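This is input25.txt (compact mmCIF, C-alpha atoms and all ligand atoms).
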```txt
# COMPACT_ATOMS: atom_id res chain seq x y z
CA MET A 8 158.03 88.41 177.82
CA ASN A 9 159.49 91.82 178.65
CA GLU A 10 157.87 95.20 178.15
CA LYS A 11 159.58 95.79 174.78
CA ASP A 12 158.52 92.46 173.30
CA PHE A 13 154.91 92.98 174.41
CA SER A 14 154.80 96.41 172.77
CA ALA A 15 156.15 94.96 169.48
CA LEU A 16 153.51 92.21 169.52
CA ARG A 17 150.66 94.75 170.04
CA GLN A 18 152.03 96.83 167.18
CA LYS A 19 152.02 93.78 164.87
CA ARG A 20 148.40 92.84 165.79
CA ARG A 21 147.21 96.40 165.08
CA GLN A 22 148.85 96.26 161.64
CA GLU A 23 147.17 92.90 160.92
CA GLN A 24 143.75 94.25 162.03
CA GLU A 25 144.21 97.34 159.83
CA GLU A 26 145.07 95.08 156.86
CA ARG A 27 141.89 92.98 157.37
CA ARG A 28 139.72 96.15 157.56
CA LYS A 29 141.23 97.38 154.26
CA GLN A 30 140.47 94.04 152.57
CA THR A 31 136.88 94.06 153.90
CA ARG A 32 136.31 97.66 152.64
CA PHE A 33 137.68 96.68 149.22
CA LEU A 34 135.39 93.63 149.01
CA LEU A 35 132.40 95.75 150.06
CA LEU A 36 133.18 98.37 147.41
CA CYS A 37 133.53 95.64 144.74
CA SER A 38 130.15 94.13 145.70
CA LEU A 39 128.48 97.56 145.58
CA ALA A 40 129.93 98.22 142.14
CA VAL A 41 128.61 94.87 140.85
CA VAL A 42 125.12 95.62 142.25
CA LEU A 43 125.11 99.12 140.67
CA ILE A 44 126.17 97.83 137.23
CA ALA A 45 123.50 95.11 137.34
CA ALA A 46 120.85 97.72 138.27
CA VAL A 47 121.80 100.06 135.39
CA VAL A 48 121.72 97.23 132.82
CA GLY A 49 118.41 96.01 134.22
CA MET A 50 116.81 99.47 133.95
CA GLY A 51 117.91 99.78 130.32
CA VAL A 52 115.83 96.80 129.19
CA SER A 53 113.08 96.80 131.80
CA HIS A 54 110.71 99.04 129.69
CA LEU A 55 110.79 96.67 126.70
CA LEU A 56 108.29 93.90 126.11
CA PRO A 57 109.54 90.37 126.95
CA GLN A 58 110.11 89.53 123.28
CA GLU A 59 111.92 92.81 122.62
CA LYS A 60 114.01 92.39 125.78
CA GLU A 61 115.31 89.15 124.42
CA LEU A 62 116.09 90.76 121.06
CA ALA A 63 117.79 93.76 122.69
CA VAL A 64 119.93 91.60 124.92
CA SER A 65 120.94 89.41 121.99
CA GLY A 66 121.99 92.58 120.12
CA GLU A 67 119.38 92.38 117.31
CA GLN A 68 117.31 95.42 116.21
CA VAL A 69 113.72 95.67 117.50
CA GLU A 70 111.24 95.42 114.64
CA THR A 71 109.16 98.61 114.03
CA ILE A 72 105.37 98.33 113.87
CA PRO A 73 104.01 99.28 110.38
CA VAL A 74 101.78 102.41 110.22
CA PRO A 75 98.20 101.41 109.30
CA GLN A 76 97.28 102.35 105.69
CA PRO A 77 93.87 103.90 104.73
CA GLU A 78 91.13 101.43 103.82
CA PRO A 79 91.12 100.57 100.11
CA LYS A 80 88.22 101.40 97.81
CA SER A 81 85.34 99.20 98.84
CA GLU A 82 82.16 97.80 97.41
CA ILE A 83 78.93 99.65 98.07
CA PRO A 84 77.07 98.66 101.24
CA ALA A 85 74.71 95.69 100.87
CA ALA A 86 71.21 96.57 99.67
CA THR A 87 69.83 95.20 102.92
CA GLU A 88 71.70 98.03 104.70
CA GLU A 89 71.23 100.94 102.26
CA ASN A 90 69.45 100.42 98.94
CA ASP A 91 69.21 103.90 97.40
CA LEU A 92 71.82 103.45 94.67
CA LEU A 93 71.58 107.03 93.33
CA LYS A 94 72.36 108.30 96.84
CA LEU A 95 75.30 105.88 97.09
CA ALA A 96 76.57 106.90 93.64
CA VAL A 97 76.43 110.61 94.52
CA GLU A 98 78.13 110.01 97.87
CA ALA A 99 80.85 107.79 96.37
CA GLN A 100 84.18 108.91 97.80
CA GLY A 101 87.85 108.46 97.16
CA THR A 102 88.09 109.30 93.48
CA GLU A 103 88.51 112.53 91.56
CA GLU A 104 86.80 110.98 88.54
CA LYS A 105 83.60 112.45 87.16
CA VAL A 106 81.38 109.44 86.61
CA CYS A 107 78.37 109.16 84.32
CA TYR A 108 75.92 106.26 84.51
CA LEU A 109 73.79 106.19 81.34
CA THR A 110 70.45 104.43 81.81
CA PHE A 111 67.76 103.40 79.31
CA ASP A 112 64.25 102.51 80.47
CA ASP A 113 61.22 100.73 78.99
CA GLY A 114 63.00 98.51 76.42
CA PRO A 115 64.24 96.46 74.84
CA SER A 116 62.62 97.45 71.56
CA ARG A 117 63.39 96.24 68.07
CA THR A 118 63.19 99.77 66.63
CA VAL A 119 65.45 101.70 69.02
CA THR A 120 67.61 99.47 71.24
CA PRO A 121 69.87 98.09 68.44
CA ALA A 122 70.74 101.65 67.30
CA ILE A 123 71.53 102.59 70.92
CA LEU A 124 73.76 99.51 71.26
CA ASP A 125 75.55 100.50 68.02
CA ALA A 126 76.23 104.03 69.35
CA LEU A 127 77.49 102.71 72.69
CA LYS A 128 79.77 100.23 70.93
CA GLU A 129 81.09 102.91 68.59
CA GLN A 130 82.19 105.06 71.54
CA ASP A 131 83.19 102.17 73.82
CA VAL A 132 80.71 103.08 76.54
CA LYS A 133 78.88 100.74 78.94
CA ALA A 134 75.36 101.50 80.18
CA THR A 135 72.48 100.15 82.26
CA PHE A 136 69.20 98.99 80.69
CA PHE A 137 66.12 98.99 82.94
CA VAL A 138 64.04 96.50 80.98
CA LEU A 139 60.35 95.63 81.17
CA GLY A 140 59.37 91.97 81.49
CA ARG A 141 56.66 92.34 78.84
CA MET A 142 59.19 93.87 76.40
CA LEU A 143 61.62 90.99 76.98
CA GLU A 144 58.96 88.69 75.51
CA GLY A 145 59.82 88.65 71.82
CA ASN A 146 62.92 90.83 72.24
CA GLY A 147 65.06 88.50 74.35
CA ASP A 148 67.71 88.36 71.60
CA ILE A 149 68.22 92.14 71.84
CA ALA A 150 68.56 91.95 75.62
CA LYS A 151 71.06 89.14 75.16
CA ARG A 152 73.07 91.26 72.74
CA ALA A 153 73.15 94.10 75.30
CA TYR A 154 74.37 91.66 77.95
CA GLU A 155 77.01 90.15 75.68
CA GLU A 156 78.29 93.61 74.74
CA GLY A 157 78.98 94.34 78.42
CA HIS A 158 75.91 96.29 79.51
CA LEU A 159 73.95 95.78 82.71
CA LEU A 160 70.35 94.53 82.61
CA ALA A 161 68.12 95.47 85.55
CA GLY A 162 64.37 95.42 86.18
CA HIS A 163 61.78 98.16 85.64
CA SER A 164 58.70 95.94 86.41
CA TYR A 165 56.86 93.54 84.14
CA SER A 166 53.82 95.61 83.12
CA HIS A 167 54.71 99.29 83.80
CA GLN A 168 50.99 99.64 84.57
CA TYR A 169 50.93 101.72 87.74
CA LYS A 170 47.49 100.52 88.85
CA GLU A 171 48.47 96.84 88.74
CA LEU A 172 52.09 97.24 89.80
CA TYR A 173 51.50 99.47 92.82
CA ALA A 174 48.26 97.77 93.91
CA SER A 175 49.93 95.92 96.82
CA GLY A 176 53.27 94.77 98.19
CA GLU A 177 52.57 91.32 96.75
CA SER A 178 51.78 92.56 93.23
CA PHE A 179 54.82 94.86 93.34
CA MET A 180 57.33 92.19 94.43
CA ALA A 181 55.78 89.64 92.04
CA GLU A 182 56.57 91.94 89.07
CA VAL A 183 60.06 92.68 90.40
CA GLU A 184 60.88 89.00 90.83
CA LYS A 185 59.29 87.91 87.55
CA THR A 186 61.32 90.40 85.51
CA ASN A 187 64.50 89.44 87.34
CA GLU A 188 63.88 85.77 86.58
CA MET A 189 63.37 86.63 82.90
CA ILE A 190 66.73 88.47 82.87
CA TYR A 191 68.33 85.44 84.53
CA SER A 192 66.94 83.09 81.89
CA ILE A 193 68.36 85.29 79.10
CA THR A 194 71.84 85.84 80.54
CA GLY A 195 72.30 82.62 82.54
CA GLU A 196 73.88 84.75 85.24
CA ALA A 197 72.26 85.73 88.56
CA PRO A 198 71.30 89.39 87.95
CA PHE A 199 72.50 92.32 90.03
CA ARG A 200 69.46 93.03 92.20
CA LEU A 201 68.52 96.51 91.02
CA PHE A 202 65.13 98.05 90.28
CA ARG A 203 63.92 101.35 88.89
CA PHE A 204 60.45 102.44 89.92
CA PRO A 205 58.21 103.35 86.95
CA GLY A 206 57.61 107.08 87.52
CA GLY A 207 60.56 107.28 89.96
CA SER A 208 60.67 106.51 93.67
CA HIS A 209 60.33 110.04 95.01
CA ASN A 210 57.79 110.79 97.68
CA ALA A 211 55.37 112.81 95.54
CA GLY A 212 52.61 112.27 93.00
CA SER A 213 50.55 109.14 92.52
CA TYR A 214 51.34 106.08 94.64
CA ALA A 215 53.95 108.07 96.62
CA ALA A 216 53.06 106.43 99.95
CA GLN A 217 53.08 102.92 98.47
CA LYS A 218 56.49 103.53 96.85
CA GLN A 219 58.04 104.47 100.21
CA GLU A 220 56.71 101.22 101.63
CA TYR A 221 57.97 99.22 98.64
CA LYS A 222 61.49 100.66 99.00
CA GLN A 223 61.62 98.81 102.32
CA LEU A 224 60.30 95.65 100.66
CA LEU A 225 63.09 95.88 98.09
CA LYS A 226 65.63 96.41 100.86
CA LYS A 227 64.37 93.38 102.75
CA ASN A 228 64.72 91.32 99.57
CA GLY A 229 68.26 92.59 98.87
CA TYR A 230 67.40 94.93 95.97
CA TYR A 231 68.87 98.36 95.28
CA PHE A 232 66.73 100.96 93.54
CA ALA A 233 68.02 103.87 91.47
CA ASP A 234 66.42 107.13 90.35
CA TRP A 235 68.28 109.73 88.26
CA ASN A 236 69.76 113.24 88.65
CA CYS A 237 70.16 114.09 84.95
CA LEU A 238 67.96 113.48 81.88
CA ASN A 239 67.62 114.04 78.14
CA GLY A 240 63.91 114.84 78.43
CA ASP A 241 62.78 112.23 75.90
CA ALA A 242 59.64 111.53 77.97
CA GLU A 243 58.78 115.19 78.55
CA GLY A 244 55.81 116.92 76.97
CA ASP A 245 54.44 114.81 74.14
CA GLY A 246 57.58 112.62 74.29
CA LYS A 247 58.50 113.59 70.72
CA ARG A 248 61.27 116.11 71.20
CA PRO A 249 63.84 116.12 68.36
CA ALA A 250 67.44 115.01 68.90
CA PRO A 251 69.02 118.52 69.20
CA GLN A 252 66.57 119.37 71.98
CA LEU A 253 67.52 116.20 73.86
CA LEU A 254 71.19 117.21 73.78
CA GLU A 255 70.24 120.67 75.09
CA THR A 256 68.39 119.13 78.05
CA ILE A 257 71.48 117.05 78.87
CA LYS A 258 73.63 120.22 78.82
CA LYS A 259 71.22 121.87 81.27
CA THR A 260 71.04 118.96 83.69
CA ALA A 261 74.52 117.33 83.56
CA TYR A 262 76.42 118.83 86.46
CA GLY A 263 78.03 117.35 89.55
CA LYS A 264 80.65 114.67 89.93
CA ASN A 265 78.35 111.66 89.66
CA ILE A 266 75.40 111.71 87.27
CA VAL A 267 72.77 109.07 86.58
CA VAL A 268 71.17 109.93 83.23
CA LEU A 269 67.56 108.96 82.44
CA MET A 270 66.78 108.08 78.81
CA HIS A 271 64.38 105.64 77.12
CA ASP A 272 64.77 102.93 74.48
CA ALA A 273 61.03 102.23 74.03
CA THR A 274 59.65 101.66 70.53
CA ALA A 275 58.92 105.36 69.79
CA LYS A 276 62.16 106.87 71.10
CA LYS A 277 64.10 107.10 67.84
CA ALA A 278 65.30 110.62 68.66
CA THR A 279 67.10 109.21 71.70
CA ALA A 280 69.17 106.86 69.53
CA GLU A 281 69.77 109.72 67.11
CA ALA A 282 70.94 112.11 69.86
CA LEU A 283 73.06 109.57 71.74
CA PRO A 284 76.38 109.98 69.83
CA SER A 285 76.39 113.75 70.40
CA ILE A 286 75.30 113.30 74.04
CA ILE A 287 78.20 110.89 74.73
CA THR A 288 80.67 113.18 72.94
CA TYR A 289 79.47 116.15 75.01
CA LEU A 290 79.75 114.24 78.30
CA LYS A 291 83.23 112.99 77.40
CA GLU A 292 84.27 116.60 76.72
CA GLN A 293 83.01 117.48 80.20
CA GLY A 294 85.43 114.90 81.62
CA TYR A 295 83.00 112.11 82.50
CA VAL A 296 83.94 108.44 82.42
CA PHE A 297 81.12 105.96 81.87
CA LYS A 298 80.18 103.13 84.18
CA ARG A 299 77.37 100.68 84.80
CA LEU A 300 75.29 101.04 87.93
CA ASP A 301 76.74 97.88 89.43
CA GLU A 302 80.15 99.58 89.32
CA VAL A 303 79.37 102.23 91.97
CA ARG A 304 82.26 102.19 94.43
CA TYR A 305 81.92 103.58 97.90
CA TRP A 306 84.71 104.97 100.05
CA GLY A 307 82.62 104.92 103.21
CA GLY A 308 84.03 108.27 104.31
CA GLU A 309 82.09 111.37 105.23
CA ASN A 310 78.85 111.62 103.28
CA LYS A 311 78.12 114.37 100.84
CA LYS A 312 74.75 115.99 100.49
CA PRO A 313 72.80 114.43 97.60
CA GLU A 314 72.51 116.62 94.53
CA PRO A 315 69.13 118.25 93.77
CA ASP A 316 66.47 115.77 92.69
CA LEU A 317 65.53 116.44 89.09
CA ALA A 318 62.86 113.74 89.00
CA LEU A 319 59.81 114.77 87.08
ZN ZN B 401 59.50 103.61 82.58
```
Using structure tokens, write down the structure from this file.
Amino acid sequence: MNEKDFSALRQKRRQEQEERRKQTRFLLLCSLAVVLIAAVVGMGVSHLLPQEKELAVSGEQVETIPVPQPEPKSEIPAATEENDLLKLAVEAQGTEEKVCYLTFDDGPSRTVTPAILDALKEQDVKATFFVLGRMLEGNGDIAKRAYEEGHLLAGHSYSHQYKELYASGESFMAEVEKTNEMIYSITGEAPFRLFRFPGGSHNAGSYAAQKQEYKQLLKKNGYYFADWNCLNGDAEGDGKRPAPQLLETIKKTAYGKNIVVLMHDATAKKATAEALPSIITYLKEQGYVFKRLDEVRYWGGENKKPEPDLAL
């Protein structure tokens, strides 16, 4: 091989080496590009949950999570948790309604209760009757009529004799249970466990200390109790106020969004039956709707201060 041939061969080898380097650089660049693309795609889905990643890769839309809605209107707390029903009624949240709970104590009587039932029927209003066990004896048919016409029957003791009733926890609960069983036997339906203390439950006057103790007994036995924050005054003074005066007392005491009205349907309370149509008309004009005490609904939101206690 002469000098010229050798030079040509070296030139050819250099060109071949240069060609191989170019091919290697190209392959390296291609590999890098593939790695970069894979990394970008991977980052795009890496923040999604496994299930969503699958959906995103398959091209489907990721489902949005629904926003939680406020809790719906609920039942009142169980009596074993909180058994002051007037307090619960006053604190009831979540409605703009003005609610009136009419209540009649000490019946049923043959002289007054039927006229009260007629007036309630006439104006399509439901009420709560706090009956006495001893009055149910002989007047069970009237209590049954009240029940059948959509009113609530609840207990107000058997005897209404403070000395016997409040003598001990045993005597107290015995009267509560006995009256409830009498209601059950008349209606055939397990009664709403609700009691009204004769004389009210407030911590003042005679038997105040015992009553506070008995509230806890009621709670333990799953009973609510309910006082009142409005009244017609039919038990005030000599208990013989005429009908127009009863309406006036309602006008003075019916304020606030939720009112529990104390009235009586005992034998002598004819003025109460007489005043009732005008009392209901007045309360309707004030914007109240009428409910039974087992219809108290509780929002469970922030509590309001109870209205002033008008117990006498
Ligand atoms: Zn009473």
Problem - Contacts with ligand ZN 401 (chain B) at most 8 Å, only C-alpha atoms and all ligand atoms counted, listed as an NGL selection string - result: :A and (112-113 or 163 or 167 or 204-206 or 271)
Handout entry: Spatial neighbours of segment 219-235 of chain A, 8 Å, all atoms listed in the file, chain gap at least 5 places, as a PyMOL selection string
Key = chain A and resi 85-93+176+179-180+200-204+207-210+266-269+316-318
Exercise for the section: Using only C-alpha atoms, pick whichever of A:Ser213, A:Ser192, A:Ser175, A:Asn239 has the shortest atom-to-atom distance to Leu283 of chain A. Expected result: A:Asn239
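The closest residue to Glu281 of chain A, picked from A:Leu172, A:Ala250, A:Val296, A:Leu160 and counting only C-alpha atoms, is A:Ala250.
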Practice task
Could you give me, as a PyMOL selection string, the residues that have an atom at most 12 Å away from the point (69.9, 113.0, 83.8) in the coordinates of the file, using all atoms listed in the file?
Solution key: chain A and resi 93+107-111+234-242+253-263+265-271+286+290+314-319
Exercise for the section: Find the spatial neighbours of Lys185 of chain A, counting all atoms listed in the file, within a cut-off of 10 Å - ignore same-chain residues fewer than 5 positions away - and output them as number ranges by chain. Expected result: A: 140, 162, 164-165, 180, 190-191
Handout entry: Counting all atoms listed in the file, the option among A:Val106, A:Ala273, A:Val183, A:Ala174 closest to Gln293 of chain A
Key = A:Val106
Practice task
Dump as JSON, numbers by chain all residues having an atom at most 10 Å from (64.7, 87.6, 82.6), computed in the file's coordinates with only C-alpha atoms.
Solution key: {"A": [138, 139, 140, 143, 144, 147, 150, 151, 160, 161, 162, 165, 184, 185, 186, 187, 188, 189, 190, 191, 192, 193, 194, 195, 196, 197, 198]}
Just C-alpha atoms for this one: save the residues we selected as a PDB file, keeping the file's coordinate frame.
```pdb
ATOM      1  CA  VAL A 138      64.040  96.500  80.980  1.00  0.00           C
ATOM      2  CA  LEU A 139      60.350  95.630  81.170  1.00  0.00           C
ATOM      3  CA  GLY A 140      59.370  91.970  81.490  1.00  0.00           C
ATOM      4  CA  LEU A 143      61.620  90.990  76.980  1.00  0.00           C
ATOM      5  CA  GLU A 144      58.960  88.690  75.510  1.00  0.00           C
ATOM      6  CA  GLY A 147      65.060  88.500  74.350  1.00  0.00           C
ATOM      7  CA  ALA A 150      68.560  91.950  75.620  1.00  0.00           C
ATOM      8  CA  LYS A 151      71.060  89.140  75.160  1.00  0.00           C
ATOM      9  CA  LEU A 160      70.350  94.530  82.610  1.00  0.00           C
ATOM     10  CA  ALA A 161      68.120  95.470  85.550  1.00  0.00           C
ATOM     11  CA  GLY A 162      64.370  95.420  86.180  1.00  0.00           C
ATOM     12  CA  TYR A 165      56.860  93.540  84.140  1.00  0.00           C
ATOM     13  CA  GLU A 184      60.880  89.000  90.830  1.00  0.00           C
ATOM     14  CA  LYS A 185      59.290  87.910  87.550  1.00  0.00           C
ATOM     15  CA  THR A 186      61.320  90.400  85.510  1.00  0.00           C
ATOM     16  CA  ASN A 187      64.500  89.440  87.340  1.00  0.00           C
ATOM     17  CA  GLU A 188      63.880  85.770  86.580  1.00  0.00           C
ATOM     18  CA  MET A 189      63.370  86.630  82.900  1.00  0.00           C
ATOM     19  CA  ILE A 190      66.730  88.470  82.870  1.00  0.00           C
ATOM     20  CA  TYR A 191      68.330  85.440  84.530  1.00  0.00           C
ATOM     21  CA  SER A 192      66.940  83.090  81.890  1.00  0.00           C
ATOM     22  CA  ILE A 193      68.360  85.290  79.100  1.00  0.00           C
ATOM     23  CA  THR A 194      71.840  85.840  80.540  1.00  0.00           C
ATOM     24  CA  GLY A 195      72.300  82.620  82.540  1.00  0.00           C
ATOM     25  CA  GLU A 196      73.880  84.750  85.240  1.00  0.00           C
ATOM     26  CA  ALA A 197      72.260  85.730  88.560  1.00  0.00           C
ATOM     27  CA  PRO A 198      71.300  89.390  87.950  1.00  0.00           C
TER      28      PRO A 198
END
```
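Comparing the minimum interatomic distances between Met142 of chain A and each of A:Asp272, A:Pro121, A:Val303, A:Arg248, counting only C-alpha atoms, we find that A:Asp272 sits nearest.
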Exercise for the section: Can you pull out every residue within 10 Å of Thr120 of chain A, counting all atoms listed in the file, but drop anything in the same chain fewer than 6 positions away, and send it as an MDAnalysis selection string? Expected result: chainID A and resid 111 114 126 136 146 149:150 152:153 271:274 276:277 279:280
For segment 163-181 of chain A, take all atoms listed in the file, fit an axis-aligned box around them, add 3 Å to each of the six sides, then output centre and edge lengths in Å rounded to one decimal, as lines of an AutoDock Vina configuration file.
```
center_x = 54.6
center_y = 95.7
center_z = 90.7
size_x = 20.3
size_y = 18.1
size_z = 21.1
```
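When atom CA of Asp125 of chain A is paired with atom CA of Ala275 of chain A, their separation reads 17.4 Å.
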